[in-house]
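> structure16.txt is the file, holding compact mmCIF, C-alpha atoms and all ligand atoms:
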# COMPACT_ATOMS: atom_id res chain seq x y z
CA MET A 1 -30.69 101.54 100.54
CA ASN A 2 -27.91 99.57 102.07
CA ASN A 3 -25.41 98.66 99.39
CA LEU A 4 -22.64 96.23 100.00
CA LEU A 5 -19.95 97.63 97.71
CA HIS A 6 -16.57 98.74 98.93
CA ASP A 7 -16.63 102.35 100.21
CA ASP A 8 -14.51 103.93 97.50
CA PRO A 9 -14.10 101.47 94.63
CA PHE A 10 -13.34 104.31 92.19
CA ASP A 11 -10.54 105.57 94.44
CA LEU A 12 -12.08 109.03 94.40
CA GLN A 13 -10.76 110.31 97.71
CA ALA A 14 -7.13 109.83 96.73
CA ARG A 15 -7.69 111.37 93.33
CA LEU A 16 -9.43 114.44 94.66
CA ALA A 17 -6.79 114.87 97.35
CA ALA A 18 -4.11 114.84 94.64
CA VAL A 19 -5.87 117.58 92.66
CA SER A 20 -6.22 119.70 95.75
CA LYS A 21 -2.59 119.17 96.77
CA ARG A 22 -1.25 120.60 93.53
CA ASP A 23 -3.43 123.73 93.78
CA ALA A 24 -5.37 122.59 90.73
CA TRP A 25 -8.85 122.50 92.23
CA ARG A 26 -11.45 123.96 89.87
CA ARG A 27 -14.73 125.47 90.91
CA ARG A 28 -17.83 126.24 88.92
CA GLU A 29 -19.40 129.60 89.61
CA ARG A 30 -22.91 130.60 88.69
CA ARG A 31 -23.34 133.43 86.25
CA ASP A 32 -26.71 135.13 86.07
CA GLY A 33 -28.10 136.72 82.95
CA PRO A 34 -26.47 137.50 79.62
CA VAL A 35 -22.91 136.78 78.74
CA ASN A 36 -20.86 139.78 77.74
CA PRO A 37 -19.14 141.92 78.97
CA HIS A 38 -20.89 143.03 82.19
CA VAL A 39 -21.85 139.94 84.12
CA SER A 40 -23.09 138.92 87.50
CA VAL A 41 -21.24 135.97 89.03
CA GLU A 42 -22.40 134.60 92.36
CA GLY A 43 -24.23 137.88 92.83
CA GLN A 44 -21.15 140.04 92.21
CA ALA A 45 -21.14 142.51 89.29
CA LEU A 46 -18.00 141.92 87.21
CA LEU A 47 -16.47 143.12 83.98
CA SER A 48 -15.73 139.95 82.05
CA PHE A 49 -12.64 139.03 80.02
CA VAL A 50 -13.34 135.30 79.89
CA SER A 51 -15.87 134.75 77.16
CA ASN A 52 -15.20 133.51 73.63
CA ASP A 53 -18.04 135.69 72.36
CA TYR A 54 -15.51 137.66 70.32
CA LEU A 55 -18.00 139.50 68.11
CA GLY A 56 -20.61 140.18 70.79
CA LEU A 57 -23.22 137.95 69.14
CA ALA A 58 -24.23 135.62 71.99
CA GLY A 59 -26.83 138.04 73.32
CA ASP A 60 -27.87 139.57 69.99
CA THR A 61 -31.65 139.98 69.82
CA ARG A 62 -31.70 138.88 66.16
CA LEU A 63 -30.32 135.49 67.18
CA VAL A 64 -32.85 135.24 70.00
CA GLU A 65 -35.63 136.00 67.51
CA ALA A 66 -34.36 133.40 65.02
CA TRP A 67 -34.17 130.82 67.80
CA THR A 68 -37.70 131.65 68.98
CA ARG A 69 -39.06 131.46 65.45
CA GLY A 70 -37.30 128.12 64.99
CA ALA A 71 -38.78 126.74 68.19
CA GLN A 72 -42.24 127.71 67.00
CA ILE A 73 -41.67 125.84 63.73
CA TYR A 74 -39.78 122.76 64.97
CA GLY A 75 -40.19 122.58 68.74
CA VAL A 76 -37.11 122.54 70.91
CA GLY A 77 -35.44 119.22 70.17
CA ALA A 78 -34.47 117.38 66.98
CA ALA A 79 -35.50 114.16 68.74
CA ALA A 80 -33.48 111.91 66.44
CA SER A 81 -30.11 111.51 64.77
CA HIS A 82 -29.52 113.03 61.33
CA LEU A 83 -29.79 109.64 59.62
CA LEU A 84 -32.97 108.58 61.40
CA GLY A 85 -35.34 111.50 61.04
CA GLY A 86 -33.59 114.34 62.85
CA HIS A 87 -32.32 116.16 59.75
CA THR A 88 -34.23 119.31 58.66
CA PRO A 89 -34.03 122.07 56.05
CA ALA A 90 -32.76 124.35 58.86
CA HIS A 91 -29.70 122.12 59.34
CA GLU A 92 -29.09 121.90 55.64
CA ALA A 93 -29.39 125.63 55.03
CA LEU A 94 -26.87 126.25 57.81
CA GLU A 95 -24.48 123.70 56.31
CA ASP A 96 -24.76 125.39 52.92
CA SER A 97 -24.05 128.84 54.33
CA LEU A 98 -21.06 127.55 56.33
CA ALA A 99 -19.60 125.85 53.25
CA ASP A 100 -20.10 129.02 51.23
CA TRP A 101 -18.45 131.14 53.94
CA VAL A 102 -15.25 129.10 54.15
CA GLY A 103 -15.08 128.25 50.44
CA ALA A 104 -15.73 124.50 50.73
CA GLU A 105 -17.87 122.23 48.60
CA ARG A 106 -19.80 121.01 51.61
CA ALA A 107 -20.01 121.28 55.38
CA LEU A 108 -21.40 118.91 58.01
CA LEU A 109 -22.87 119.97 61.35
CA PHE A 110 -21.95 118.53 64.75
CA SER A 111 -23.27 119.26 68.24
CA THR A 112 -19.89 120.43 69.58
CA GLY A 113 -16.35 121.07 68.44
CA TYR A 114 -15.21 118.21 70.63
CA MET A 115 -17.41 115.82 68.65
CA ALA A 116 -16.45 117.29 65.28
CA ASN A 117 -12.78 116.70 66.09
CA LEU A 118 -13.41 113.15 67.31
CA ALA A 119 -15.38 112.52 64.12
CA VAL A 120 -13.01 113.89 61.53
CA VAL A 121 -9.86 112.40 63.05
CA THR A 122 -11.25 108.95 63.84
CA ALA A 123 -13.06 108.67 60.51
CA LEU A 124 -9.95 109.58 58.55
CA ALA A 125 -7.13 107.94 60.53
CA GLY A 126 -6.77 104.42 61.81
CA ARG A 127 -4.24 101.65 62.40
CA GLY A 128 -1.30 102.04 60.04
CA TRP A 129 -1.86 105.79 59.67
CA THR A 130 0.41 108.51 61.01
CA VAL A 131 -0.94 111.73 62.50
CA PHE A 132 1.42 114.67 63.00
CA GLU A 133 -0.02 116.84 65.76
CA ASN A 134 1.12 120.10 67.29
CA ARG A 135 1.91 119.65 70.99
CA ARG A 136 -0.35 122.56 71.85
CA ASN A 137 -3.41 121.23 70.01
CA HIS A 138 -6.76 121.34 71.77
CA ALA A 139 -7.53 118.42 74.10
CA SER A 140 -10.29 117.20 71.77
CA LEU A 141 -7.80 116.72 68.91
CA ILE A 142 -5.33 114.94 71.18
CA ASP A 143 -8.07 112.63 72.45
CA ALA A 144 -9.24 112.04 68.88
CA VAL A 145 -5.80 110.85 67.80
CA THR A 146 -5.70 108.45 70.77
CA LEU A 147 -9.13 107.11 69.88
CA SER A 148 -8.14 106.68 66.22
CA ARG A 149 -5.41 104.14 67.12
CA SER A 150 -3.10 105.75 64.58
CA ARG A 151 0.59 106.44 65.18
CA ARG A 152 0.99 109.84 66.84
CA VAL A 153 3.93 112.11 66.04
CA ARG A 154 3.95 115.26 68.17
CA TYR A 155 5.80 118.35 66.95
CA ARG A 156 6.73 121.61 68.62
CA ASP A 157 6.97 124.01 65.67
CA THR A 158 7.47 123.94 61.92
CA GLY A 159 11.23 123.29 62.19
CA ASP A 160 10.57 120.30 64.42
CA LEU A 161 7.83 119.11 62.08
CA GLU A 162 10.20 119.29 59.10
CA THR A 163 12.69 117.04 60.89
CA ARG A 164 10.00 114.55 61.78
CA LEU A 165 8.55 114.58 58.27
CA ALA A 166 11.99 113.88 56.83
CA ALA A 167 12.20 110.79 59.06
CA HIS A 168 8.70 109.70 58.08
CA GLN A 169 8.50 106.64 55.86
CA SER A 170 5.81 106.99 53.25
CA GLY A 171 2.30 105.91 54.15
CA HIS A 172 -1.11 107.35 54.86
CA GLY A 173 -1.38 110.23 57.26
CA PHE A 174 -2.13 113.88 57.94
CA ILE A 175 -1.07 116.92 59.88
CA VAL A 176 -3.56 118.33 62.38
CA THR A 177 -3.36 121.70 64.10
CA ASP A 178 -5.32 124.38 65.87
CA GLY A 179 -5.67 127.43 63.58
CA VAL A 180 -5.39 129.71 66.62
CA PHE A 181 -3.92 128.07 69.72
CA SER A 182 -6.54 128.33 72.42
CA MET A 183 -4.28 129.05 75.41
CA ASP A 184 -1.66 131.19 73.62
CA GLY A 185 -3.60 133.01 70.92
CA ASP A 186 -0.94 132.66 68.23
CA VAL A 187 -1.92 131.72 64.67
CA ALA A 188 -0.59 128.48 63.17
CA PRO A 189 1.52 128.84 60.00
CA VAL A 190 -1.12 127.10 57.88
CA ALA A 191 0.48 128.03 54.53
CA ASP A 192 3.72 126.29 55.57
CA LEU A 193 1.79 123.32 56.92
CA ALA A 194 -0.13 123.01 53.64
CA ARG A 195 3.16 123.03 51.72
CA TYR A 196 4.67 120.32 53.93
CA ALA A 197 1.52 118.25 53.68
CA GLN A 198 1.59 118.48 49.90
CA ALA A 199 5.31 117.63 49.68
CA HIS A 200 4.81 114.50 51.81
CA HIS A 201 1.48 113.38 50.32
CA LEU A 202 -0.30 114.02 53.60
CA GLY A 203 -3.62 115.64 54.40
CA LEU A 204 -4.08 118.72 56.58
CA ILE A 205 -6.81 119.36 59.16
CA VAL A 206 -7.14 122.81 60.71
CA ASP A 207 -9.30 123.41 63.79
CA ASP A 208 -10.31 127.06 63.50
CA ALA A 209 -12.36 127.26 66.72
CA HIS A 210 -10.84 130.62 67.71
CA ALA A 211 -10.31 131.96 64.18
CA LEU A 212 -13.74 131.62 62.60
CA GLY A 213 -15.45 135.00 62.58
CA VAL A 214 -12.24 136.71 63.69
CA ILE A 215 -9.37 136.00 61.26
CA GLY A 216 -9.30 136.20 57.47
CA PRO A 217 -11.51 137.94 54.90
CA ALA A 218 -15.09 138.22 56.26
CA GLY A 219 -13.89 136.14 59.22
CA ALA A 220 -13.56 133.01 57.08
CA GLY A 221 -10.59 131.76 59.13
CA THR A 222 -6.87 131.06 58.95
CA LEU A 223 -6.99 129.12 55.67
CA ALA A 224 -8.80 131.97 53.90
CA GLU A 225 -6.27 134.43 55.29
CA ALA A 226 -3.50 132.30 53.74
CA HIS A 227 -5.39 132.19 50.40
CA LEU A 228 -6.22 128.53 50.95
CA SER A 229 -9.55 126.79 51.22
CA PRO A 230 -10.76 123.46 52.58
CA ARG A 231 -10.41 121.57 49.34
CA GLY A 232 -8.22 118.82 48.02
CA GLY A 233 -6.33 117.41 50.97
CA ILE A 234 -7.41 120.11 53.43
CA ALA A 235 -10.27 119.88 55.92
CA LEU A 236 -11.47 122.66 58.22
CA VAL A 237 -13.19 122.35 61.58
CA GLY A 238 -15.10 125.40 62.76
CA THR A 239 -16.96 125.82 66.03
CA LEU A 240 -20.18 127.74 66.51
CA GLY A 241 -20.07 128.38 70.25
CA LYS A 242 -17.30 130.96 70.18
CA ALA A 243 -17.38 133.98 67.85
CA LEU A 244 -20.73 132.80 66.47
CA GLY A 245 -22.17 132.94 69.98
CA VAL A 246 -24.34 129.82 69.74
CA LEU A 247 -23.32 126.13 69.99
CA GLY A 248 -22.10 123.37 67.73
CA ALA A 249 -19.45 122.87 65.10
CA PHE A 250 -18.90 121.80 61.52
CA VAL A 251 -16.39 120.10 59.30
CA ALA A 252 -15.91 121.65 55.86
CA GLY A 253 -14.21 120.07 52.88
CA THR A 254 -14.84 118.31 49.61
CA ALA A 255 -18.13 116.56 48.87
CA ASP A 256 -16.29 113.22 49.20
CA LEU A 257 -14.94 114.12 52.62
CA ILE A 258 -18.38 115.08 53.90
CA GLU A 259 -19.96 111.96 52.43
CA ALA A 260 -17.26 109.82 54.09
CA LEU A 261 -18.08 111.42 57.45
CA ILE A 262 -21.81 110.85 57.01
CA GLN A 263 -21.16 107.20 56.15
CA THR A 264 -18.47 106.35 58.69
CA ALA A 265 -17.94 108.91 61.47
CA ARG A 266 -19.34 107.37 64.64
CA PRO A 267 -19.70 110.72 66.48
CA TYR A 268 -21.91 111.78 63.58
CA VAL A 269 -24.00 108.66 63.14
CA TYR A 270 -24.68 107.76 66.76
CA THR A 271 -25.87 111.02 68.22
CA THR A 272 -28.91 113.29 68.25
CA ALA A 273 -29.03 116.16 65.76
CA VAL A 274 -28.74 119.67 67.22
CA PRO A 275 -32.13 121.38 67.67
CA PRO A 276 -33.28 122.85 64.32
CA ALA A 277 -34.12 126.11 66.11
CA LEU A 278 -30.50 126.37 67.13
CA ALA A 279 -29.51 125.85 63.50
CA LEU A 280 -31.73 128.79 62.52
CA ALA A 281 -30.18 131.00 65.19
CA THR A 282 -26.72 129.95 64.03
CA ALA A 283 -27.51 130.72 60.41
CA GLU A 284 -28.45 134.22 61.52
CA ALA A 285 -25.15 134.44 63.43
CA VAL A 286 -23.25 133.40 60.30
CA ARG A 287 -25.05 136.02 58.25
CA ILE A 288 -24.22 138.75 60.78
CA ALA A 289 -20.62 137.61 61.29
CA ARG A 290 -19.99 137.80 57.55
CA ALA A 291 -21.82 141.05 56.93
CA GLU A 292 -20.99 143.22 59.94
CA GLU A 293 -17.33 143.91 59.36
CA PHE A 294 -17.40 146.64 62.01
CA ARG A 295 -17.45 143.94 64.69
CA ARG A 296 -14.11 142.56 63.51
CA THR A 297 -12.73 146.09 63.14
CA ARG A 298 -13.72 146.92 66.71
CA LEU A 299 -12.24 143.70 68.04
CA MET A 300 -8.96 144.39 66.21
CA GLU A 301 -8.91 147.93 67.64
CA HIS A 302 -9.39 146.49 71.12
CA ILE A 303 -6.57 143.99 70.63
CA ALA A 304 -4.22 146.70 69.32
CA PHE A 305 -5.15 149.05 72.15
CA PHE A 306 -4.66 146.39 74.82
CA ARG A 307 -1.27 145.34 73.45
CA ALA A 308 0.08 148.86 73.02
CA GLN A 309 -0.98 149.94 76.51
CA ALA A 310 0.14 146.68 78.14
CA ALA A 311 3.55 147.00 76.50
CA ALA A 312 3.80 150.60 77.71
CA LEU A 313 3.09 149.34 81.23
CA GLY A 314 5.88 146.80 80.90
CA LEU A 315 3.58 143.76 80.97
CA ARG A 316 5.00 140.59 79.45
CA LEU A 317 2.83 139.89 76.40
CA GLU A 318 2.83 136.76 74.26
CA PRO A 319 3.02 136.96 70.45
CA SER A 320 -0.73 136.95 69.80
CA ARG A 321 -2.68 139.09 67.37
CA THR A 322 -5.97 137.44 68.23
CA ALA A 323 -8.63 137.97 70.90
CA ILE A 324 -6.76 135.59 73.23
CA GLN A 325 -4.11 137.54 75.16
CA PRO A 326 -2.42 135.41 77.83
CA LEU A 327 -0.22 136.77 80.61
CA ILE A 328 1.97 133.96 81.88
CA ILE A 329 2.36 133.98 85.66
CA GLY A 330 4.01 130.68 86.59
CA SER A 331 2.95 128.61 89.60
CA ASN A 332 -0.62 127.57 90.19
CA ARG A 333 -0.67 129.46 93.47
CA ALA A 334 0.55 132.73 91.92
CA THR A 335 -1.87 132.38 89.00
CA MET A 336 -4.85 131.94 91.29
CA ASP A 337 -3.67 134.79 93.47
CA ALA A 338 -3.45 137.14 90.46
CA ALA A 339 -6.94 136.18 89.32
CA GLN A 340 -8.27 136.75 92.84
CA ARG A 341 -6.75 140.22 93.01
CA LEU A 342 -8.39 141.13 89.70
CA ARG A 343 -11.63 139.71 90.99
CA ARG A 344 -11.51 141.99 94.01
CA ALA A 345 -11.14 144.88 91.56
CA GLY A 346 -14.36 143.74 89.84
CA LEU A 347 -12.69 142.01 86.89
CA LEU A 348 -13.35 138.46 85.74
CA VAL A 349 -10.24 136.98 84.09
CA GLY A 350 -9.58 133.28 83.47
CA ALA A 351 -6.87 131.54 85.46
CA VAL A 352 -5.55 128.59 83.47
CA ARG A 353 -3.39 125.92 85.10
CA PRO A 354 -1.91 122.57 84.11
CA PRO A 355 -2.88 120.19 82.63
CA THR A 356 -4.53 122.70 80.29
CA VAL A 357 -1.14 124.43 79.92
CA PRO A 358 2.40 123.08 80.55
CA ALA A 359 3.61 122.84 84.17
CA GLY A 360 4.92 126.15 85.49
CA GLN A 361 3.08 128.12 82.81
CA GLY A 362 -0.06 129.01 84.72
CA ARG A 363 -1.54 132.11 83.17
CA LEU A 364 -4.22 134.71 83.10
CA ARG A 365 -6.16 134.12 79.92
CA ILE A 366 -7.63 137.43 78.84
CA THR A 367 -10.11 137.36 76.00
CA LEU A 368 -11.21 140.54 74.29
CA SER A 369 -14.47 141.14 72.48
CA ALA A 370 -16.06 143.64 70.14
CA ALA A 371 -18.62 144.00 72.94
CA HIS A 372 -16.07 145.70 75.22
CA GLN A 373 -15.60 149.46 75.35
CA ILE A 374 -12.15 151.04 75.33
CA ALA A 375 -12.90 152.20 78.89
CA ASP A 376 -13.41 148.55 79.91
CA ILE A 377 -9.96 147.68 78.63
CA GLU A 378 -8.47 150.69 80.40
CA ARG A 379 -9.97 149.39 83.64
CA LEU A 380 -8.40 145.99 83.06
CA LEU A 381 -5.00 147.53 82.31
CA ALA A 382 -5.10 149.65 85.45
CA ALA A 383 -5.75 146.54 87.55
CA LEU A 384 -3.06 144.51 85.75
CA ALA A 385 -0.54 147.26 86.44
CA GLN A 386 -1.13 146.64 90.17
CA LEU A 387 -0.16 142.97 89.93
CA PRO A 388 3.41 142.30 90.96
CA VAL A 389 3.88 139.22 88.82
CA VAL A 390 3.26 140.12 85.20
CA SER A 391 5.88 142.76 84.49
CA ALA A 392 8.76 142.03 82.16
C1 LIG A 401 -13.33 125.23 72.18
C2 LIG A 401 -12.51 124.41 71.26
C3 LIG A 401 -12.97 123.18 70.78
C4 LIG A 401 -14.24 122.55 71.30
O1 LIG A 401 -15.36 123.17 70.80
P1 LIG A 401 -16.74 123.01 71.58
O2 LIG A 401 -17.76 123.37 70.58
O3 LIG A 401 -16.67 123.94 72.72
O4 LIG A 401 -16.82 121.58 72.00
C5 LIG A 401 -12.23 122.52 69.84
N1 LIG A 401 -11.05 123.02 69.42
C6 LIG A 401 -10.55 124.17 69.89
C7 LIG A 401 -9.24 124.67 69.37
C8 LIG A 401 -11.27 124.90 70.83
O5 LIG A 401 -10.76 126.02 71.33
Kindly present the structure from the file in structure tokens form.


Amino acid sequence: MNNLLHDDPFDLQARLAAVSKRDAWRRRERRDGPVNPHVSVEGQALLSFVSNDYLGLAGDTRLVEAWTRGAQIYGVGAAASHLLGGHTPAHEALEDSLADWVGAERALLFSTGYMANLAVVTALAGRGWTVFENRRNHASLIDAVTLSRSRRVRYRDTGDLETRLAAHQSGHGFIVTDGVFSMDGDVAPVADLARYAQAHHLGLIVDDAHALGVIGPAGAGTLAEAHLSPRGGIALVGTLGKALGVLGAFVAGTADLIEALIQTARPYVYTTAVPPALALATAEAVRIARAEEFRRTRLMEHIAFFRAQAAALGLRLEPSRTAIQPLIIGSNRATMDAAQRLRRAGLLVGAVRPPTVPAGQGRLRITLSAAHQIADIERLLAALAQLPVVSA
């Protein structure tokens, strides 16, 4: 068909050239077969340190069986939104078990963490509200604050937040933070944040995407570790595609909070429910994540082993006690080069560049899993020791 529009009305060529020029081009590579830790990418066998499957559940046969059973009962799609026929006992049972896990009155399911964050922030904040957000928050939270049209106050750390809170005139608002920062792996000081929130009559929202299943008693997250729960003025977002190995997310909080989301959160109301079969698989993942403490123990052993050995090698570690262990390299070029060298040694490690991280802080993002063996981590360390750029 001959169309008469201008050749490049979206200005794509200039935009793509700009990405390429700053060494920020991203490529998708095809992985074959299961996820963790031995993978095949573009036909090459690699040992993977990129997945968020921290407990080794994504390929668990019990989840596959639950999913299959669910598909036989419900078919593969929910085929409708929760409010117009898509809601099932499978969804509700999962919500109940999630609420029970994290100590909330209720929980509400979403298809992704991105949507859950858009929902909770835009439903709760609006014009005239103030949202205090950590500068390192996940992109979905930052976008959510923009979409909410509230006043955004960005803070660097708790000291900076204190200063900004002192300058804050009274009025509606909340503090929002990642529980574990996704590119650095450090844990947010949620007990301090809860205290500040209380002192200033603000709410607190914690996005525990990288903490759920990993941190806290029975993996219940950063709030549980701090002897807090998503009650009163605190809401928790958990995602189900990371340590739980499946897909989706939830918001947990008081019954009123959940009801408010059902009534008013547009990313809840105007979207298709997740497949009920997936909810059944996820409920099985929740059961296993709570019950099989040895998975967390193994993961913690792997983290401790990696950090001790890396320190002995003189590698420059960041202050992380979680599965996310970044090694900051610097320029985009050097970051990609380091990842390529590891790749040639048969290791798959994430290379993260701006805008995901601040300019000049390109890094290797190593994620550890209970599914690794100590020998796998030794192999990684041996290859890292050969890199010129990560030593202290
Ligand atoms: C991954 C992630 C999300 C998004 O979750 P998805 O289910 O992948 O959409 C949200 N917040 C944080 C902190 C994350 O790391």

> Tell me, in Å to one decimal, how far atom CA of A:His87 is from atom CA of A:Ala252.

17.7 Å

> If we count only C-alpha atoms and set the cut-off at 12 Å, which residues sit around stretch 58-65 of chain A, ignoring sequence neighbours fewer than 5 positions away in its own chain? Please answer as a VMD selection string.

chain A and resid 33 to 38 51 to 53 70 to 72 240 to 247 277 to 289 369 to 371

> Write out as an MDAnalysis selection string which residues come within 10 Å of A:Tyr74 when counting only C-alpha atoms, dropping same-chain ones fewer than 6 positions away.

chainID A and resid 68 88 90 275:277

> At a cut-off of 7 Å and counting only C-alpha atoms and all ligand atoms, what residues surround ligand LIG 401 (chain A)? Please answer as a PyMOL selection string.

chain A and resi 112-115+117+137-138+140+178+180-182+207-210+239-241+247-249

> Identify, on the basis of all atoms listed in the file, every residue whose closest approach to A:Glu133 does not exceed 6 Å; exclude the query and any residue fewer than 4 positions from it along the same chain; express the result as a ChimeraX atom specification.

/A:154,175-176

> Deliver the residues from the most recent selection as a file, using C-alpha atoms, as an mmCIF file, in the frame of the given file.


data_model
loop_
_atom_site.group_PDB
_atom_site.id
_atom_site.type_symbol
_atom_site.label_atom_id
_atom_site.label_comp_id
_atom_site.auth_asym_id
_atom_site.auth_seq_id
_atom_site.Cartn_x
_atom_site.Cartn_y
_atom_site.Cartn_z
ATOM 1 C CA ARG A 154 3.950 115.260 68.170
ATOM 2 C CA ILE A 175 -1.070 116.920 59.880
ATOM 3 C CA VAL A 176 -3.560 118.330 62.380
#

> Which residues are close to A:Leu387, i.e. within 12 Å by all atoms listed in the file, leaving aside same-chain residues fewer than 2 positions away? Reply as a PyMOL selection string.

chain A and resi 313-316+327+329+334-335+337-343+345+364+380-385+389-392

> So which one's closest to A:Asn332, A:Thr254, A:Ser20, A:Thr146, A:Gln263? Using all atoms listed in the file, please.

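Result for the nearest residue to A:Asn332: A:Ser20.
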
> So which residues touch A:Phe306 within 10 Å, counting all atoms listed in the file, skipping near sequence neighbours fewer than 6 positions away, as a list of chain:residue names?

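Using all atoms listed in the file, the neighbours found are A:Met300, A:Ala312, A:Gln325, A:Leu368, A:Ile374, A:Ile377, A:Glu378, A:Leu380, A:Leu381.
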
> In Å, how far is it from atom CA of A:Ala211 to atom CA of A:Glu105?

19.9 Å

> If we draw a sphere of 12 Å around (-22.3, 123.8, 52.8), which residues have at least one atom in it when counting all atoms listed in the file? Please report them as a list in words.

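Here is the list of nearby residues: His91, Glu92, Ala93, Leu94, Glu95, Asp96, Ser97, Leu98, Ala99, Asp100, Trp101, Val102, Gly103, Ala104, Glu105, Arg106, Ala107, Leu108, Leu109, Pro230, Phe250, Val251, Ala252, Gly253, Thr254, Ala255, Ile258 and Ala283 of chain A.
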
> Calculated over only C-alpha atoms, which of the candidates A:Leu261, A:Ala323, A:His302, A:Leu348 has the smallest distance to A:Arg31?

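Counting only C-alpha atoms, the residue closest to A:Arg31 is A:Leu348.
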
> Smallest atom-to-atom distance to A:Pro267: which of A:Thr122, A:Trp129, A:Ile73, A:Ile303, using all atoms listed in the file?

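Going through A:Thr122, A:Trp129, A:Ile73, A:Ile303 one by one, the smallest distance to A:Pro267 is for A:Thr122.
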
> Working from the structure I just supplied, which lacks atoms in stretch 47-61 of chain A, can you model N, CA, C and O atoms there and output them as a PDB file, in the frame of the given file?


ATOM      1  N   LEU A  47     -16.770 142.850  85.384  1.00  0.00           N
ATOM      2  CA  LEU A  47     -16.470 143.120  83.980  1.00  0.00           C
ATOM      3  C   LEU A  47     -15.692 141.902  83.473  1.00  0.00           C
ATOM      4  O   LEU A  47     -14.652 141.553  84.026  1.00  0.00           O
ATOM      5  N   SER A  48     -16.240 141.269  82.437  1.00  0.00           N
ATOM      6  CA  SER A  48     -15.730 139.950  82.050  1.00  0.00           C
ATOM      7  C   SER A  48     -14.720 140.004  80.903  1.00  0.00           C
ATOM      8  O   SER A  48     -14.948 140.655  79.877  1.00  0.00           O
ATOM      9  N   PHE A  49     -13.619 139.261  81.093  1.00  0.00           N
ATOM     10  CA  PHE A  49     -12.640 139.030  80.020  1.00  0.00           C
ATOM     11  C   PHE A  49     -12.409 137.530  79.877  1.00  0.00           C
ATOM     12  O   PHE A  49     -11.281 137.093  79.682  1.00  0.00           O
ATOM     13  N   VAL A  50     -13.477 136.758  79.992  1.00  0.00           N
ATOM     14  CA  VAL A  50     -13.340 135.300  79.890  1.00  0.00           C
ATOM     15  C   VAL A  50     -14.127 134.686  78.746  1.00  0.00           C
ATOM     16  O   VAL A  50     -13.943 133.518  78.447  1.00  0.00           O
ATOM     17  N   SER A  51     -14.998 135.435  78.110  1.00  0.00           N
ATOM     18  CA  SER A  51     -15.870 134.750  77.160  1.00  0.00           C
ATOM     19  C   SER A  51     -15.227 134.669  75.778  1.00  0.00           C
ATOM     20  O   SER A  51     -14.357 135.454  75.423  1.00  0.00           O
ATOM     21  N   ASN A  52     -15.670 133.662  75.012  1.00  0.00           N
ATOM     22  CA  ASN A  52     -15.200 133.510  73.630  1.00  0.00           C
ATOM     23  C   ASN A  52     -16.170 134.161  72.652  1.00  0.00           C
ATOM     24  O   ASN A  52     -16.127 133.882  71.459  1.00  0.00           O
ATOM     25  N   ASP A  53     -17.026 135.005  73.171  1.00  0.00           N
ATOM     26  CA  ASP A  53     -18.040 135.690  72.360  1.00  0.00           C
ATOM     27  C   ASP A  53     -17.368 136.907  71.690  1.00  0.00           C
ATOM     28  O   ASP A  53     -17.706 138.047  71.969  1.00  0.00           O
ATOM     29  N   TYR A  54     -16.422 136.624  70.817  1.00  0.00           N
ATOM     30  CA  TYR A  54     -15.510 137.660  70.320  1.00  0.00           C
ATOM     31  C   TYR A  54     -16.181 138.784  69.552  1.00  0.00           C
ATOM     32  O   TYR A  54     -15.664 139.885  69.466  1.00  0.00           O
ATOM     33  N   LEU A  55     -17.327 138.476  68.926  1.00  0.00           N
ATOM     34  CA  LEU A  55     -18.000 139.500  68.110  1.00  0.00           C
ATOM     35  C   LEU A  55     -19.207 140.101  68.827  1.00  0.00           C
ATOM     36  O   LEU A  55     -19.907 140.941  68.260  1.00  0.00           O
ATOM     37  N   GLY A  56     -19.461 139.653  70.043  1.00  0.00           N
ATOM     38  CA  GLY A  56     -20.610 140.180  70.790  1.00  0.00           C
ATOM     39  C   GLY A  56     -21.945 139.703  70.233  1.00  0.00           C
ATOM     40  O   GLY A  56     -22.941 140.437  70.262  1.00  0.00           O
ATOM     41  N   LEU A  57     -21.986 138.459  69.763  1.00  0.00           N
ATOM     42  CA  LEU A  57     -23.220 137.950  69.140  1.00  0.00           C
ATOM     43  C   LEU A  57     -24.090 137.115  70.086  1.00  0.00           C
ATOM     44  O   LEU A  57     -25.285 136.949  69.821  1.00  0.00           O
ATOM     45  N   ALA A  58     -23.501 136.607  71.172  1.00  0.00           N
ATOM     46  CA  ALA A  58     -24.230 135.620  71.990  1.00  0.00           C
ATOM     47  C   ALA A  58     -25.544 136.170  72.545  1.00  0.00           C
ATOM     48  O   ALA A  58     -26.497 135.423  72.743  1.00  0.00           O
ATOM     49  N   GLY A  59     -25.593 137.477  72.785  1.00  0.00           N
ATOM     50  CA  GLY A  59     -26.830 138.040  73.320  1.00  0.00           C
ATOM     51  C   GLY A  59     -27.614 138.839  72.295  1.00  0.00           C
ATOM     52  O   GLY A  59     -28.576 139.534  72.653  1.00  0.00           O
ATOM     53  N   ASP A  60     -27.245 138.754  71.034  1.00  0.00           N
ATOM     54  CA  ASP A  60     -27.870 139.570  69.990  1.00  0.00           C
ATOM     55  C   ASP A  60     -29.356 139.215  69.836  1.00  0.00           C
ATOM     56  O   ASP A  60     -29.718 138.047  69.700  1.00  0.00           O
ATOM     57  N   THR A  61     -30.203 140.236  69.845  1.00  0.00           N
ATOM     58  CA  THR A  61     -31.650 139.980  69.820  1.00  0.00           C
ATOM     59  C   THR A  61     -32.081 139.305  68.496  1.00  0.00           C
ATOM     60  O   THR A  61     -33.066 138.569  68.477  1.00  0.00           O
TER      61      THR A  61
END
